[in-house]
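S.K.: Enclosed is the structure file target.txt (compact mmCIF, C-alpha atoms).
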# COMPACT_ATOMS: atom_id res chain seq x y z
CA MET A 1 51.58 88.71 35.21
CA SER A 2 54.52 90.04 37.21
CA GLN A 3 57.49 87.73 36.78
CA ASP A 4 58.95 88.78 40.16
CA THR A 5 55.87 88.21 42.28
CA ARG A 6 53.98 85.70 40.12
CA THR A 7 50.83 87.71 40.58
CA TYR A 8 48.11 86.91 38.07
CA ARG A 9 45.35 89.27 37.10
CA ILE A 10 42.21 87.18 36.56
CA ALA A 11 38.91 88.50 35.23
CA GLY A 12 36.13 86.64 37.02
CA LEU A 13 32.74 86.43 35.34
CA PRO A 14 30.21 84.58 37.55
CA GLY A 15 27.52 85.05 34.91
CA ASP A 16 24.21 83.47 35.87
CA GLY A 17 22.63 80.75 38.00
CA ILE A 18 25.12 78.43 39.67
CA GLY A 19 27.96 80.49 38.25
CA HIS A 20 27.51 82.62 41.38
CA GLU A 21 28.20 79.52 43.47
CA VAL A 22 30.94 77.67 41.60
CA LEU A 23 33.11 80.66 40.69
CA PRO A 24 33.44 81.83 44.31
CA ALA A 25 34.31 78.25 45.21
CA ALA A 26 37.11 78.25 42.63
CA ILE A 27 38.38 81.62 43.87
CA ARG A 28 38.69 80.26 47.40
CA VAL A 29 40.51 77.15 46.18
CA LEU A 30 42.86 79.08 43.91
CA ASP A 31 43.72 81.56 46.64
CA ALA A 32 44.61 78.65 48.93
CA LEU A 33 46.59 76.98 46.15
CA GLY A 34 48.40 80.23 45.41
CA ALA A 35 49.49 80.63 49.02
CA LYS A 36 50.99 77.15 48.84
CA HIS A 37 52.79 77.63 45.52
CA GLY A 38 54.01 81.21 45.83
CA MET A 39 51.37 82.75 43.58
CA SER A 40 48.76 85.40 44.15
CA PHE A 41 45.65 86.27 42.17
CA VAL A 42 44.14 89.68 41.68
CA TRP A 43 40.44 89.04 41.06
CA GLU A 44 38.56 91.51 38.90
CA LEU A 45 34.93 90.45 39.11
CA GLN A 46 32.33 91.67 36.65
CA GLU A 47 28.60 91.15 37.24
CA TRP A 48 27.68 90.74 33.59
CA GLY A 49 25.16 88.27 32.25
CA CYS A 50 21.41 87.87 32.01
CA GLU A 51 20.57 90.00 35.04
CA TYR A 52 22.72 92.75 33.60
CA TYR A 53 20.83 92.25 30.33
CA ARG A 54 17.49 92.67 32.05
CA ARG A 55 18.66 95.96 33.54
CA THR A 56 20.48 97.40 30.53
CA GLY A 57 19.42 95.54 27.39
CA SER A 58 22.97 94.19 26.88
CA MET A 59 24.76 91.16 28.28
CA MET A 60 27.84 93.27 29.01
CA PRO A 61 28.84 96.92 28.51
CA GLU A 62 30.16 98.31 25.23
CA ASP A 63 33.69 98.58 26.62
CA ALA A 64 33.67 95.08 28.12
CA LEU A 65 36.42 93.71 25.91
CA SER A 66 38.76 96.59 26.72
CA ILE A 67 38.08 95.92 30.41
CA LEU A 68 38.95 92.23 29.99
CA ALA A 69 41.93 92.65 27.66
CA PRO A 70 44.64 93.36 30.30
CA ALA A 71 43.81 90.18 32.24
CA ASP A 72 46.16 87.20 32.27
CA ALA A 73 43.11 84.94 31.94
CA ILE A 74 39.32 84.94 32.22
CA LEU A 75 37.51 82.51 34.53
CA LEU A 76 33.81 82.21 33.68
CA GLY A 77 31.06 80.57 35.70
CA ALA A 78 27.98 80.07 33.52
CA VAL A 79 25.71 82.06 31.24
CA GLY A 80 21.97 81.71 30.64
CA ALA A 81 18.69 82.32 32.44
CA PRO A 82 14.99 81.62 31.90
CA GLY A 83 13.33 84.40 29.97
CA VAL A 84 16.46 85.40 28.08
CA PRO A 85 16.73 83.62 24.72
CA ASP A 86 19.83 81.45 24.48
CA HIS A 87 20.97 83.09 21.26
CA VAL A 88 20.83 86.46 23.03
CA SER A 89 22.97 85.34 25.96
CA LEU A 90 25.43 83.43 23.78
CA TRP A 91 25.93 86.07 21.11
CA GLY A 92 25.84 88.85 23.67
CA MET A 93 28.68 87.58 25.82
CA LEU A 94 30.47 84.30 25.13
CA ILE A 95 30.90 84.48 21.38
CA PRO A 96 32.12 88.11 21.31
CA ILE A 97 34.78 87.22 23.90
CA ARG A 98 35.84 84.11 22.00
CA ARG A 99 36.02 85.87 18.65
CA GLU A 100 37.41 89.27 19.55
CA PHE A 101 40.14 87.62 21.61
CA ASP A 102 40.74 85.08 18.83
CA GLN A 103 40.27 82.12 21.16
CA TYR A 104 40.19 79.78 18.20
CA VAL A 105 40.99 76.61 20.16
CA ASN A 106 38.29 75.13 22.35
CA LEU A 107 39.91 72.35 24.37
CA ARG A 108 37.75 69.89 26.29
CA PRO A 109 39.25 66.82 28.00
CA ALA A 110 37.15 63.82 28.98
CA ARG A 111 38.36 61.11 31.33
CA LEU A 112 37.04 59.12 34.21
CA LEU A 113 37.31 60.71 37.63
CA PRO A 114 37.29 58.61 40.82
CA ARG A 115 33.84 57.31 41.79
CA VAL A 116 32.07 59.33 39.08
CA PRO A 117 29.92 56.64 37.44
CA SER A 118 29.80 56.37 33.68
CA PRO A 119 26.48 55.29 32.12
CA LEU A 120 28.46 52.76 30.07
CA VAL A 121 29.59 49.38 31.30
CA PRO A 122 33.07 49.52 32.86
CA GLU A 123 34.83 47.55 30.15
CA ARG A 124 33.88 50.22 27.59
CA VAL A 125 35.28 53.16 29.52
CA THR A 126 38.25 51.77 31.45
CA GLY A 127 41.22 53.90 30.44
CA LEU A 128 39.09 56.64 28.86
CA ASP A 129 41.30 59.70 28.35
CA LEU A 130 40.62 61.85 25.31
CA VAL A 131 40.67 65.50 24.30
CA VAL A 132 38.42 67.15 21.75
CA ILE A 133 39.85 70.19 19.99
CA ARG A 134 36.98 72.25 18.60
CA GLU A 135 37.46 75.07 16.12
CA ASN A 136 36.00 77.95 18.11
CA VAL A 137 35.59 81.11 16.03
CA GLU A 138 34.22 80.22 12.59
CA GLY A 139 32.63 77.16 10.96
CA GLU A 140 28.91 76.65 11.32
CA TYR A 141 28.49 79.38 13.96
CA SER A 142 28.48 82.45 11.76
CA ARG A 143 26.25 85.49 11.59
CA ILE A 144 25.97 85.32 7.82
CA GLY A 145 22.43 84.63 6.71
CA GLY A 146 18.96 85.85 7.48
CA ARG A 147 15.23 85.30 7.25
CA LEU A 148 12.68 86.42 4.68
CA TYR A 149 8.88 86.43 4.47
CA GLY A 150 8.46 85.97 8.22
CA GLY A 151 5.20 84.46 9.38
CA THR A 152 4.10 83.28 5.94
CA GLU A 153 4.17 79.89 4.27
CA HIS A 154 7.04 81.20 2.13
CA GLU A 155 9.28 81.99 5.12
CA ILE A 156 12.97 81.30 4.46
CA ALA A 157 15.86 80.90 6.93
CA VAL A 158 19.43 80.83 5.57
CA GLN A 159 22.51 80.19 7.70
CA GLU A 160 25.95 80.22 6.08
CA SER A 161 28.98 78.27 7.31
CA VAL A 162 32.41 79.86 7.02
CA PHE A 163 35.57 77.75 6.76
CA THR A 164 38.87 79.45 5.96
CA ARG A 165 42.16 77.74 5.18
CA ARG A 166 43.87 79.82 7.85
CA GLY A 167 41.23 79.01 10.46
CA VAL A 168 41.09 75.28 9.76
CA SER A 169 44.86 74.89 9.41
CA ARG A 170 45.75 76.57 12.66
CA VAL A 171 43.31 74.59 14.80
CA MET A 172 44.45 71.36 13.16
CA ASP A 173 48.10 72.23 13.78
CA TYR A 174 47.28 72.79 17.44
CA ALA A 175 45.58 69.39 17.56
CA PHE A 176 48.53 67.69 15.85
CA ASP A 177 50.95 69.28 18.31
CA LEU A 178 48.81 68.19 21.26
CA ALA A 179 48.62 64.63 19.90
CA GLY A 180 52.41 64.63 19.67
CA ARG A 181 52.60 65.43 23.39
CA ARG A 182 50.06 62.73 24.24
CA ARG A 183 49.74 59.31 22.62
CA GLY A 184 50.39 60.32 19.02
CA SER A 185 46.93 59.76 17.54
CA LEU A 186 44.57 62.29 15.97
CA ALA A 187 41.08 61.69 14.59
CA SER A 188 39.17 64.16 12.43
CA ALA A 189 35.39 64.60 12.48
CA THR A 190 33.89 65.14 9.03
CA LYS A 191 30.70 64.73 7.02
CA SER A 192 32.05 65.01 3.51
CA ASN A 193 29.61 62.45 2.17
CA GLY A 194 26.70 64.82 2.82
CA ILE A 195 28.04 68.37 3.18
CA VAL A 196 29.44 68.93 -0.26
CA TYR A 197 31.71 71.98 0.05
CA THR A 198 32.92 72.72 3.55
CA MET A 199 33.61 69.16 4.68
CA PRO A 200 35.64 68.06 1.63
CA PHE A 201 37.60 71.26 2.19
CA TRP A 202 38.09 70.29 5.84
CA ASP A 203 39.31 66.84 4.74
CA GLU A 204 41.75 68.33 2.23
CA VAL A 205 43.27 70.63 4.85
CA PHE A 206 43.50 67.70 7.28
CA ALA A 207 45.41 65.67 4.70
CA ASP A 208 47.72 68.63 4.07
CA ARG A 209 48.47 69.13 7.77
CA ALA A 210 48.88 65.38 8.30
CA ALA A 211 51.65 65.41 5.69
CA ALA A 212 53.42 68.03 7.80
CA HIS A 213 53.11 65.82 10.91
CA PRO A 214 54.18 62.35 9.70
CA ASP A 215 54.83 61.12 13.24
CA ILE A 216 51.12 61.32 14.13
CA THR A 217 48.73 58.47 13.37
CA THR A 218 45.61 59.90 11.76
CA SER A 219 42.06 58.75 11.09
CA GLN A 220 38.82 60.27 9.80
CA TYR A 221 35.24 59.51 10.79
CA HIS A 222 31.92 60.80 9.59
CA ILE A 223 30.31 62.58 12.50
CA ASP A 224 27.41 60.13 12.80
CA ALA A 225 29.77 57.15 12.99
CA LEU A 226 32.05 59.06 15.35
CA ALA A 227 29.16 59.78 17.72
CA ALA A 228 28.37 56.07 17.76
CA LEU A 229 31.99 55.18 18.50
CA PHE A 230 32.13 57.70 21.34
CA THR A 231 29.59 55.47 23.07
CA LEU A 232 30.60 52.04 21.73
CA ASP A 233 34.40 52.35 21.91
CA PRO A 234 35.48 55.72 23.38
CA THR A 235 38.85 54.51 24.63
CA ARG A 236 40.18 54.16 21.08
CA PHE A 237 40.49 57.97 20.87
CA ASP A 238 43.35 60.19 21.95
CA VAL A 239 42.83 63.62 20.35
CA VAL A 240 39.87 64.49 18.12
CA VAL A 241 39.69 67.66 16.01
CA ALA A 242 36.32 68.95 14.87
CA SER A 243 34.51 71.95 13.46
CA ASN A 244 32.62 74.33 15.71
CA LEU A 245 29.27 72.52 15.53
CA PHE A 246 30.60 68.96 15.46
CA GLY A 247 32.98 69.70 18.31
CA ASP A 248 30.20 71.25 20.37
CA ILE A 249 28.11 68.09 20.09
CA LEU A 250 30.98 65.64 20.59
CA THR A 251 32.24 67.33 23.74
CA ASP A 252 28.91 67.10 25.55
CA LEU A 253 28.65 63.48 24.48
CA ALA A 254 32.17 62.78 25.76
CA ALA A 255 31.34 64.44 29.10
CA ALA A 256 28.22 62.28 29.44
CA VAL A 257 30.20 59.13 28.61
CA ALA A 258 32.74 60.10 31.28
CA GLY A 259 29.95 60.33 33.82
CA SER A 260 28.59 63.86 34.10
CA ILE A 261 28.48 67.16 32.30
CA GLY A 262 28.69 68.65 35.81
CA VAL A 263 32.40 67.87 36.08
CA ALA A 264 33.43 68.71 32.51
CA PRO A 265 35.87 71.60 31.94
CA SER A 266 36.75 73.63 28.88
CA ALA A 267 39.34 76.13 27.73
CA ASN A 268 38.95 78.80 25.05
CA ILE A 269 42.54 79.41 24.07
CA ASN A 270 44.41 82.03 22.11
CA PRO A 271 47.61 79.99 21.63
CA GLU A 272 49.68 83.01 20.60
CA ARG A 273 48.81 84.72 23.92
CA ARG A 274 48.04 88.02 22.21
CA PHE A 275 44.76 88.05 24.13
CA PRO A 276 43.56 86.50 27.38
CA SER A 277 42.19 82.97 27.17
CA MET A 278 38.94 82.01 28.91
CA PHE A 279 38.21 78.96 31.05
CA GLU A 280 34.71 77.73 31.89
CA PRO A 281 32.82 74.61 32.97
CA VAL A 282 30.50 73.03 30.45
CA HIS A 283 27.49 72.55 32.73
CA GLY A 284 25.63 75.80 32.12
CA SER A 285 23.73 77.92 34.63
CA ALA A 286 21.42 75.13 35.93
CA PRO A 287 18.61 77.44 37.09
CA ASP A 288 16.69 74.49 38.52
CA ILE A 289 19.24 74.07 41.33
CA ALA A 290 20.66 77.59 41.59
CA GLY A 291 20.70 78.91 45.13
CA GLN A 292 20.34 75.51 46.78
CA GLY A 293 24.01 75.11 47.65
CA ILE A 294 24.36 71.80 45.81
CA ALA A 295 26.01 72.95 42.57
CA ASN A 296 28.97 70.80 41.58
CA PRO A 297 32.16 72.91 41.67
CA VAL A 298 34.34 70.24 40.03
CA GLY A 299 33.80 71.51 36.47
CA GLN A 300 34.86 74.99 37.55
CA LEU A 301 37.83 73.63 39.47
CA TRP A 302 38.96 71.43 36.58
CA SER A 303 38.64 74.47 34.30
CA SER A 304 40.92 76.24 36.80
CA VAL A 305 43.40 73.39 36.33
CA LEU A 306 43.39 74.14 32.60
CA MET A 307 43.88 77.83 33.37
CA LEU A 308 46.92 77.07 35.50
CA GLU A 309 48.35 74.91 32.72
CA HIS A 310 47.92 77.82 30.32
CA LEU A 311 49.63 80.14 32.83
CA GLN A 312 52.52 77.63 32.83
CA GLU A 313 52.02 76.79 36.50
CA ALA A 314 52.40 73.06 35.95
CA GLN A 315 53.13 72.09 39.55
CA ALA A 316 50.14 73.99 40.90
CA SER A 317 47.95 72.61 38.13
CA ASP A 318 48.93 69.02 38.96
CA ASP A 319 48.45 69.66 42.67
CA LEU A 320 44.92 70.96 42.19
CA MET A 321 43.92 68.10 39.88
CA SER A 322 45.27 65.58 42.38
CA ALA A 323 43.31 67.23 45.20
CA ILE A 324 40.09 67.13 43.16
CA GLU A 325 40.57 63.44 42.40
CA GLN A 326 41.36 62.56 46.01
CA VAL A 327 38.28 64.39 47.29
CA LEU A 328 36.10 62.48 44.84
CA ASP A 329 37.82 59.24 45.79
CA ASP A 330 36.96 60.04 49.41
CA GLY A 331 33.30 60.10 48.34
CA VAL A 332 32.78 63.85 48.82
CA MET A 333 30.44 64.39 45.87
CA THR A 334 27.42 66.53 45.09
CA PRO A 335 23.99 64.98 44.32
CA ASP A 336 24.34 65.21 40.54
CA ILE A 337 26.99 62.49 40.64
CA GLY A 338 25.40 60.39 43.35
CA GLY A 339 26.68 62.04 46.50
CA THR A 340 25.15 64.05 49.32
CA ALA A 341 27.77 66.79 49.72
CA SER A 342 27.11 70.49 49.25
CA THR A 343 29.14 72.91 47.16
CA GLU A 344 30.70 74.11 50.40
CA ASP A 345 31.58 70.56 51.46
CA VAL A 346 33.45 69.84 48.22
CA THR A 347 35.20 73.21 48.24
CA THR A 348 36.37 72.84 51.84
CA ALA A 349 37.52 69.27 51.22
CA VAL A 350 39.65 70.33 48.24
CA ILE A 351 41.22 73.15 50.25
CA GLU A 352 41.97 70.72 53.09
CA ARG A 353 43.53 68.26 50.66
CA LEU A 354 45.75 71.00 49.26
CA GLY A 355 46.93 71.82 52.77
CA ALA A 356 47.63 68.19 53.59
CA ARG A 357 50.49 67.89 51.14
Let me see whether you can do it: turn the structure in this file into structure tokens.

M.R.:
Amino acid sequence: MSQDTRTYRIAGLPGDGIGHEVLPAAIRVLDALGAKHGMSFVWELQEWGCEYYRRTGSMMPEDALSILAPADAILLGAVGAPGVPDHVSLWGMLIPIRREFDQYVNLRPARLLPRVPSPLVPERVTGLDLVVIRENVEGEYSRIGGRLYGGTEHEIAVQESVFTRRGVSRVMDYAFDLAGRRRGSLASATKSNGIVYTMPFWDEVFADRAAAHPDITTSQYHIDALAALFTLDPTRFDVVVASNLFGDILTDLAAAVAGSIGVAPSANINPERRFPSMFEPVHGSAPDIAGQGIANPVGQLWSSVLMLEHLQEAQASDDLMSAIEQVLDDGVMTPDIGGTASTEDVTTAVIERLGAR
């Protein structure tokens, strides 16, 4: 980023399915926002993903990471397509970016947006505003393991989890710091009553880091009980820290409790800023509605809000979030959340709201 011109170099990865609809929507909105706030964006779009895989046998080229590395941030649409196994698309694109760029914090907020209906009764979700911090580069999602005796009754599948003191400590410290900037409460997801090595280790590191942050109120929950509380009493939570697998499950549950996975954002953050961070909606490629013009752009736009926060453009970030909320409050919503608007309708309405202030 040029400090004089506040020009940001953004790598845009539409990916697959509705990614080709929601990412262009975000680009239009961000360009309008930039004109208002004295910023400009240089968009470097890459057509990688499942179609690229079908043509080349790889989700992205061998030098993809060196192409992405100079960017100030990465804005991703969605990845996945029928006919391409999910583990191929995930391990061929998303996970290499997360790991090689050491994006060890996955941050996913969940709160009620105007007029987006929660499946829970109002008294259970009024005031919902939580953030899940998911460890993003190790844990249960490792490539250590294998299979033996394939196709026989003796077939074996082994998958190893990897938890390091460095990896667990740093994501917990991030969560403690975030809790200190919010309401001062941090909950840890564990399963130390059933997973005998990694989860007691996780608990021990949590206790160690809690001692270094005495101003933060802490609690621990077994993951099964925590999942129940996310539906029975979600407003009790402020910040939750979890391993890669537990955090993955909890964040989709939190998005559903807040009303729709279609509006949920996420950030894959390298806090030290040695590498670009990546911002993406949670909703996936939604091939069943791709090309129909009804994809919900809110998840992509809210992910753009998180990107602006990371770029330290707080005023622009707040402005965009306010515009999103006002458009929803006006009832301009796509069918997945009960409206009749198109992707274009929502995008245009957000741009108009930005220009109105």

S.K.: Give the answer as one residue: which of A:Pro117, A:Asn136, A:Arg273, A:Gly92 has the shortest atom-to-atom distance to Pro70 of chain A, using all atoms listed in the file?

M.R.: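 Of A:Pro117, A:Asn136, A:Arg273, A:Gly92, the one nearest Pro70 of chain A, counting all atoms listed in the file, is A:Arg273.
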
S.K.: Just to confirm, what's the straight-line distance from atom CA of Leu33 of chain A to atom CA of Gly299 of chain A in Å (one decimal)?

M.R.: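 Separation between atom CA of Leu33 of chain A and atom CA of Gly299 of chain A: 16.9 Å.
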
S.K.: Please indicate the distance in Å from atom CA of Val88 of chain A to atom CA of Glu62 of chain A, rounded to one decimal place.

M.R.: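 Computed distance, atom CA of Val88 of chain A to atom CA of Glu62 of chain A, equals 15.2 Å.
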
S.K.: Check the smallest atom-to-atom distance from each of A:Met39, A:Leu130, A:Ile18, A:Ala286 to Gln312 of chain A using all atoms listed in the file, then report the winner.

M.R.: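 Among A:Met39, A:Leu130, A:Ile18, A:Ala286, it is A:Met39 that comes nearest to Gln312 of chain A.
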
S.K.: Mind pulling up the distance from atom CA of Asp252 of chain A to atom CA of His310 of chain A?

M.R.: 22.3 Å

S.K.: Restricting the calculation to all atoms listed in the file, which member of A:Gln315, A:Gln326, A:Gln220, A:Asn268 is positioned closest to Ala73 of chain A?

M.R.: A:Asn268

S.K.: Residues near segment 166-174 of chain A, anyone? I mean within 8 Å using all atoms listed in the file, not counting same-chain ones fewer than 2 positions away, as a ChimeraX atom specification.

M.R.: /A:104-105,133-135,138,163-164,176-178,202,205-206,209,241

S.K.: From the set A:Pro265, A:Pro122, A:Gly291, A:Gly331, which residue has the shortest atom-to-atom contact distance to Asn106 of chain A, counting all atoms listed in the file?

M.R.: A:Pro265

S.K.: Counting all atoms listed in the file, select every polymer residue within 10 Å of (37.4, 71.6, 34.7) as defined in the file's coordinates, and provide the selection as a PyMOL selection string.

M.R.: chain A and resi 108-110+262-267+279-282+297-307+321+324

S.K.: Write out as number ranges by chain each polymer residue whose atoms come within 9 Å of Pro287 of chain A, counting only C-alpha atoms; drop sequence neighbours fewer than 6 positions from it.

M.R.: A: 16-18, 80-82

S.K.: Kindly indicate which residue among A:Ile223, A:Ala187, A:Val22, A:Val137 lies nearest to Ile269 of chain A, using all atoms listed in the file for the distances.

M.R.: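 Closest residue, counting all atoms listed in the file: A:Val137.
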
S.K.: Output requested as a PDB file, keeping the file's coordinate frame - segment 45-55 of chain A, filled out with all heavy atoms.

M.R.:
ATOM      1  N   LEU A  45      36.231  91.060  39.355  1.00  0.00           N
ATOM      2  CA  LEU A  45      34.930  90.450  39.110  1.00  0.00           C
ATOM      3  C   LEU A  45      34.005  91.420  38.390  1.00  0.00           C
ATOM      4  O   LEU A  45      33.950  92.610  38.723  1.00  0.00           O
ATOM      5  CB  LEU A  45      34.303  90.017  40.449  1.00  0.00           C
ATOM      6  CG  LEU A  45      35.111  89.017  41.275  1.00  0.00           C
ATOM      7  CD1 LEU A  45      34.374  88.684  42.556  1.00  0.00           C
ATOM      8  CD2 LEU A  45      35.394  87.753  40.478  1.00  0.00           C
ATOM      9  N   GLN A  46      33.284  90.880  37.425  1.00  0.00           N
ATOM     10  CA  GLN A  46      32.330  91.670  36.650  1.00  0.00           C
ATOM     11  C   GLN A  46      30.971  90.991  36.698  1.00  0.00           C
ATOM     12  O   GLN A  46      30.851  89.815  36.354  1.00  0.00           O
ATOM     13  CB  GLN A  46      32.796  91.802  35.190  1.00  0.00           C
ATOM     14  CG  GLN A  46      34.194  92.368  35.017  1.00  0.00           C
ATOM     15  CD  GLN A  46      34.325  93.806  35.476  1.00  0.00           C
ATOM     16  OE1 GLN A  46      33.328  94.527  35.590  1.00  0.00           O
ATOM     17  NE2 GLN A  46      35.554  94.249  35.722  1.00  0.00           N
ATOM     18  N   GLU A  47      29.952  91.713  37.099  1.00  0.00           N
ATOM     19  CA  GLU A  47      28.600  91.150  37.240  1.00  0.00           C
ATOM     20  C   GLU A  47      27.825  91.300  35.931  1.00  0.00           C
ATOM     21  O   GLU A  47      26.784  91.965  35.878  1.00  0.00           O
ATOM     22  CB  GLU A  47      27.871  91.809  38.407  1.00  0.00           C
ATOM     23  CG  GLU A  47      28.491  91.513  39.760  1.00  0.00           C
ATOM     24  CD  GLU A  47      28.462  90.024  40.105  1.00  0.00           C
ATOM     25  OE1 GLU A  47      27.485  89.346  39.729  1.00  0.00           O
ATOM     26  OE2 GLU A  47      29.423  89.544  40.734  1.00  0.00           O
ATOM     27  N   TRP A  48      28.350  90.719  34.875  1.00  0.00           N
ATOM     28  CA  TRP A  48      27.680  90.740  33.590  1.00  0.00           C
ATOM     29  C   TRP A  48      26.908  89.444  33.394  1.00  0.00           C
ATOM     30  O   TRP A  48      27.180  88.438  34.027  1.00  0.00           O
ATOM     31  CB  TRP A  48      28.702  90.912  32.459  1.00  0.00           C
ATOM     32  CG  TRP A  48      29.575  92.129  32.604  1.00  0.00           C
ATOM     33  CD1 TRP A  48      29.268  93.283  33.272  1.00  0.00           C
ATOM     34  CD2 TRP A  48      30.903  92.290  32.093  1.00  0.00           C
ATOM     35  NE1 TRP A  48      30.323  94.162  33.197  1.00  0.00           N
ATOM     36  CE2 TRP A  48      31.335  93.591  32.481  1.00  0.00           C
ATOM     37  CE3 TRP A  48      31.766  91.496  31.348  1.00  0.00           C
ATOM     38  CZ2 TRP A  48      32.598  94.088  32.141  1.00  0.00           C
ATOM     39  CZ3 TRP A  48      33.009  91.983  31.007  1.00  0.00           C
ATOM     40  CH2 TRP A  48      33.422  93.267  31.396  1.00  0.00           C
ATOM     41  N   GLY A  49      25.946  89.465  32.503  1.00  0.00           N
ATOM     42  CA  GLY A  49      25.160  88.270  32.250  1.00  0.00           C
ATOM     43  C   GLY A  49      23.701  88.625  32.046  1.00  0.00           C
ATOM     44  O   GLY A  49      23.356  89.748  31.658  1.00  0.00           O
ATOM     45  N   CYS A  50      22.831  87.681  32.325  1.00  0.00           N
ATOM     46  CA  CYS A  50      21.410  87.870  32.010  1.00  0.00           C
ATOM     47  C   CYS A  50      20.734  88.886  32.920  1.00  0.00           C
ATOM     48  O   CYS A  50      19.831  89.609  32.482  1.00  0.00           O
ATOM     49  CB  CYS A  50      20.689  86.519  32.071  1.00  0.00           C
ATOM     50  SG  CYS A  50      21.167  85.405  30.722  1.00  0.00           S
ATOM     51  N   GLU A  51      21.138  88.961  34.180  1.00  0.00           N
ATOM     52  CA  GLU A  51      20.570  90.000  35.040  1.00  0.00           C
ATOM     53  C   GLU A  51      20.999  91.377  34.574  1.00  0.00           C
ATOM     54  O   GLU A  51      20.214  92.336  34.600  1.00  0.00           O
ATOM     55  CB  GLU A  51      20.976  89.761  36.503  1.00  0.00           C
ATOM     56  CG  GLU A  51      20.286  88.584  37.154  1.00  0.00           C
ATOM     57  CD  GLU A  51      18.762  88.691  37.071  1.00  0.00           C
ATOM     58  OE1 GLU A  51      18.219  89.783  37.353  1.00  0.00           O
ATOM     59  OE2 GLU A  51      18.118  87.685  36.717  1.00  0.00           O
ATOM     60  N   TYR A  52      22.237  91.487  34.164  1.00  0.00           N
ATOM     61  CA  TYR A  52      22.720  92.750  33.600  1.00  0.00           C
ATOM     62  C   TYR A  52      21.925  93.081  32.331  1.00  0.00           C
ATOM     63  O   TYR A  52      21.558  94.241  32.102  1.00  0.00           O
ATOM     64  CB  TYR A  52      24.218  92.620  33.288  1.00  0.00           C
ATOM     65  CG  TYR A  52      24.872  93.900  32.809  1.00  0.00           C
ATOM     66  CD1 TYR A  52      25.406  94.803  33.718  1.00  0.00           C
ATOM     67  CD2 TYR A  52      24.956  94.191  31.446  1.00  0.00           C
ATOM     68  CE1 TYR A  52      26.015  95.971  33.279  1.00  0.00           C
ATOM     69  CE2 TYR A  52      25.557  95.358  31.003  1.00  0.00           C
ATOM     70  CZ  TYR A  52      26.087  96.245  31.918  1.00  0.00           C
ATOM     71  OH  TYR A  52      26.685  97.413  31.476  1.00  0.00           O
ATOM     72  N   TYR A  53      21.621  92.061  31.546  1.00  0.00           N
ATOM     73  CA  TYR A  53      20.830  92.250  30.330  1.00  0.00           C
ATOM     74  C   TYR A  53      19.428  92.773  30.652  1.00  0.00           C
ATOM     75  O   TYR A  53      18.915  93.668  29.973  1.00  0.00           O
ATOM     76  CB  TYR A  53      20.736  90.934  29.562  1.00  0.00           C
ATOM     77  CG  TYR A  53      19.810  90.962  28.373  1.00  0.00           C
ATOM     78  CD1 TYR A  53      20.236  91.483  27.150  1.00  0.00           C
ATOM     79  CD2 TYR A  53      18.513  90.464  28.465  1.00  0.00           C
ATOM     80  CE1 TYR A  53      19.388  91.520  26.060  1.00  0.00           C
ATOM     81  CE2 TYR A  53      17.664  90.496  27.375  1.00  0.00           C
ATOM     82  CZ  TYR A  53      18.107  91.028  26.175  1.00  0.00           C
ATOM     83  OH  TYR A  53      17.257  91.066  25.100  1.00  0.00           O
ATOM     84  N   ARG A  54      18.833  92.221  31.674  1.00  0.00           N
ATOM     85  CA  ARG A  54      17.490  92.670  32.050  1.00  0.00           C
ATOM     86  C   ARG A  54      17.492  94.133  32.471  1.00  0.00           C
ATOM     87  O   ARG A  54      16.509  94.861  32.271  1.00  0.00           O
ATOM     88  CB  ARG A  54      16.937  91.777  33.155  1.00  0.00           C
ATOM     89  CG  ARG A  54      16.595  90.349  32.713  1.00  0.00           C
ATOM     90  CD  ARG A  54      15.854  89.602  33.813  1.00  0.00           C
ATOM     91  NE  ARG A  54      15.460  88.271  33.383  1.00  0.00           N
ATOM     92  CZ  ARG A  54      16.064  87.150  33.757  1.00  0.00           C
ATOM     93  NH1 ARG A  54      17.113  87.216  34.567  1.00  0.00           N
ATOM     94  NH2 ARG A  54      15.642  85.977  33.321  1.00  0.00           N
ATOM     95  N   ARG A  55      18.585  94.575  33.079  1.00  0.00           N
ATOM     96  CA  ARG A  55      18.660  95.960  33.540  1.00  0.00           C
ATOM     97  C   ARG A  55      19.025  96.929  32.419  1.00  0.00           C
ATOM     98  O   ARG A  55      18.562  98.068  32.401  1.00  0.00           O
ATOM     99  CB  ARG A  55      19.705  96.102  34.655  1.00  0.00           C
ATOM    100  CG  ARG A  55      19.382  95.347  35.930  1.00  0.00           C
ATOM    101  CD  ARG A  55      20.257  95.844  37.087  1.00  0.00           C
ATOM    102  NE  ARG A  55      21.674  95.848  36.753  1.00  0.00           N
ATOM    103  CZ  ARG A  55      22.501  94.819  36.971  1.00  0.00           C
ATOM    104  NH1 ARG A  55      22.013  93.693  37.502  1.00  0.00           N
ATOM    105  NH2 ARG A  55      23.780  94.906  36.674  1.00  0.00           N
TER     106      ARG A  55
END
